Amino acid sequence: MKLNQLTIKQAYNGLKNRDFTSVELTKACLQRIKEVDNKVKACLTICEKQALDQAAKADVMIIKGEQKFLTGIPYICKDIIVTKNIRTTAASKILDNYFPSFDATVIKKLNQVGAVLIAKSNLDEFAHGASTENSAYGPTHNPWDLERVPGGSSGGSAAAMAADESIFTIGSDTGGSIRHPSSYCGVIGLKPTYGRCSRYGLIAMTSSTDVIGPITKTVEDSAIVLKQIAGSDKFDSTTVERKILDYHKEIKKNINGLKIGIPKEFFPKELDKDVEERLQDAINQFEKLGVKITQISLPHTKYAVPVYYIITPSEISSNLSRFDGIRYGESEVKEQNSKANNLLDVYYQSRGKWLGAETKRRIMLGTYALSAGYYDAYYLQAQKVRTIISNELKQELKKVDAILTPATPHPAFKIGEKKDPLSMYLEDVFMSSASLAGLPAISFPVGFINGLPIGAQIIGKPFDEATILKLAHHYEQASNWRKTKPEL
Ligand code: GLN
């Protein structure tokens with residue numbers, strides 16, 4: 001096996017036994033990027049020099065006996081998380097030349113233990129989308145079929161993982177952006193509970209649902225990364241003080257007797273028959289593992305996507321107002337010989353010129369939903385229904401330990417196939433509920449449909465990442481989907 005193909009656990013052991021150094025491991029990943037990323041296009045920036053310096057430092061830590069799980073382990077981070085002195089674009093031309101002056105808290109936590117950042121990955125502009133086609137730098141290609149999308153918005157991170165371009169990756173999930181591409185790329189995506197990981201340094205999309213989380217090759221790796229990046233942070237007042245467990249140990253515990261609820265609304269009669277079959281096989285597998293399966297009902301599920309697409313644009317319209325080319329963002333006004341006679345001219349030459357179509361659409365939708373006269377009809381109403389969806393989920397989660405649903409309605413679609421925004425929004429149909437309720441959820445592969453991977457989702461109780469990781473880990477151990485790899 002090549003070094004870039006290792007899991008965190010395997011790489012950790014290799015480094016510990018001195019089978020190889022972090023510099024060698026890092027070089028292997030950088031080499032892989034050079035070999036395949038001209039096809040996959042998962043990376044926007046490759047930070048080779050910083051990475052090799054970081055790796056050399058990690059090797060010293062290891063020699064000194066200071067090795068932690070992630071010491072010397074190369075990773076790729078979604079380009080919406082700020083990295084000190086490393087270009088951070090959010091896949092938008094308006095941030096084409098942004099070199100942040102600070103590291104996000106999550107990056108700091110990874111630095112502390114000597115993890116090695118090797119690249120920043122592609123995404124839909126400002127994380128708006130479900131295919132990575134909205135990136136201002138061009139789409140990422142799915143390693144399983146280069147003509148298809150990797151899902152989104154963390155498509156670069158998920159594709160990089162499927163293509164073994166690093167040992168783990170980091171994504172963000174506002175309404176599915178970790179879980180959705182993980183399903184399309186056949187990898188593990190964990191959206192932690194809202195408030196579990198600091199959002200400080202995550203360029204804000206929808207502040208009330210944004211979460212950072214890992215995309216990995218195995219569930220065990222997901223558990224290892226979660227433990228490192230979780231925790232309260234004085235720079236993010238929505239983080240909370242909660243016990244952080246040794247998740248990699250928790251997942252080994254027995255799942256016999258746990259109860260999984262199957263919400264009938266997530267298995268409508270229109271559901272793709274192949275998806276339904278793969279899900280049914282997974283349910284049977286859980287039963288064999290001693291898990292009790294019961295039917296539950298979440299009748300307000302049908303409102304999740306519409307509610308999400310009122311709340312999200314509303315928050316976007318506010319969060320993105322800072323990119324006006326004055327304090328934040330590119331602007332032609334700053335160039336010599338340019339003329340701006342009034343504020344509107346300034347906006348035309350910054351937001352007008354450098355924001356993409358989907359981002360503009362969301363700013364307009366959100367501004368409308370929040371405007372006087374429409375606020376009560378749209379935004380306020382959406383918030384009320386959000387509370388109902390959230391309470392309903394939490395109520396059902398009192399009867400069961402976790403909820404199992406499909407992750408995506410079908411496997412990856414072709415690049416350019418979905419032309420209207422609405423059909424793209426419907427990609428989130430199984431994703432939005434957990435985001436609106438702030439619940440932890442994990443997406444993991446449950447098989448293939450015509451050679452393309454497909455995932456299931458498990459949603460857990462607030463701050464109970466341990467249970468969903470444990471269930472996904474035992475399923476993964478009993479299945480062998482990971483043995484098949486995309487050919488590149
Ligand atoms: N597809 C969703 C959207 O477009 C998910 C975005 C996200 O989670 N960042 O809003």
# chains A, B, ... in the order shown; residues from 1 in each chain; ligands from 1

call {"tool": "residues_near_ligand", "arguments": {"ligand": "ligand 1", "cutoff": "6 Å", "atoms": "only C-alpha atoms and all ligand atoms", "output": "JSON, numbers by chain"}}
result
{"A": [127, 128, 129, 130, 153, 173, 174, 175, 176, 177, 428]}

call {"tool": "residues_around", "arguments": {"residues": "region 200-202 of chain A", "least_positions_apart": "4", "cutoff": "7 Å", "atoms": "only C-alpha atoms", "output": "mmCIF file with N, CA, C and O atoms, in the first residue's frame"}}
result
data_model
loop_
_atom_site.group_PDB
_atom_site.id
_atom_site.type_symbol
_atom_site.label_atom_id
_atom_site.label_comp_id
_atom_site.auth_asym_id
_atom_site.auth_seq_id
_atom_site.Cartn_x
_atom_site.Cartn_y
_atom_site.Cartn_z
ATOM 1 N N ILE A 80 -12.872 27.462 2.958
ATOM 2 C CA ILE A 80 -13.751 28.476 3.568
ATOM 3 C C ILE A 80 -13.347 28.673 5.024
ATOM 4 O O ILE A 80 -13.952 29.429 5.758
ATOM 5 N N ILE A 81 -12.298 27.949 5.422
ATOM 6 C CA ILE A 81 -11.775 28.044 6.789
ATOM 7 C C ILE A 81 -10.451 28.797 6.708
ATOM 8 O O ILE A 81 -9.566 28.407 5.929
ATOM 9 N N VAL A 82 -10.316 29.868 7.470
ATOM 10 C CA VAL A 82 -9.161 30.738 7.269
ATOM 11 C C VAL A 82 -7.880 30.125 7.832
ATOM 12 O O VAL A 82 -7.874 29.495 8.884
ATOM 13 N N ASP A 103 -5.366 32.146 12.119
ATOM 14 C CA ASP A 103 -5.849 30.790 11.872
ATOM 15 C C ASP A 103 -7.205 30.591 12.546
ATOM 16 O O ASP A 103 -7.418 31.067 13.677
ATOM 17 N N ALA A 104 -8.089 29.854 11.910
ATOM 18 C CA ALA A 104 -9.345 29.444 12.547
ATOM 19 C C ALA A 104 -8.998 28.592 13.774
ATOM 20 O O ALA A 104 -7.935 27.962 13.813
ATOM 21 N N THR A 105 -9.903 28.574 14.745
ATOM 22 C CA THR A 105 -9.646 27.793 15.968
ATOM 23 C C THR A 105 -9.374 26.324 15.640
ATOM 24 O O THR A 105 -8.475 25.702 16.217
ATOM 25 N N PHE A 235 -13.840 32.523 21.433
ATOM 26 C CA PHE A 235 -14.077 33.329 20.228
ATOM 27 C C PHE A 235 -15.369 32.939 19.503
ATOM 28 O O PHE A 235 -15.679 33.493 18.453
ATOM 29 N N ASP A 236 -16.065 31.911 19.991
ATOM 30 C CA ASP A 236 -17.352 31.543 19.386
ATOM 31 C C ASP A 236 -18.342 31.285 20.515
ATOM 32 O O ASP A 236 -18.323 30.222 21.149
#

call {"tool": "residues_around", "arguments": {"residues": "Ser297 (chain A)", "least_positions_apart": "5", "cutoff": "8 Å", "atoms": "only C-alpha atoms", "output": "list of chain:residue names"}}
result
A:Ile262, A:Pro263, A:Lys264, A:Glu265, A:Glu396

call {"tool": "atom_distance", "arguments": {"atom1": "CA of Asn254 (chain A)", "atom2": "CA of Ile458 (chain A)"}}
result
17.0 Å

call {"tool": "select_by_dssp", "arguments": {"residues": "region 201-251 of chain A", "states": "helix (DSSP H, G or I)", "output": "PyMOL selection string"}}
result
chain A and resi 219-229+247-250
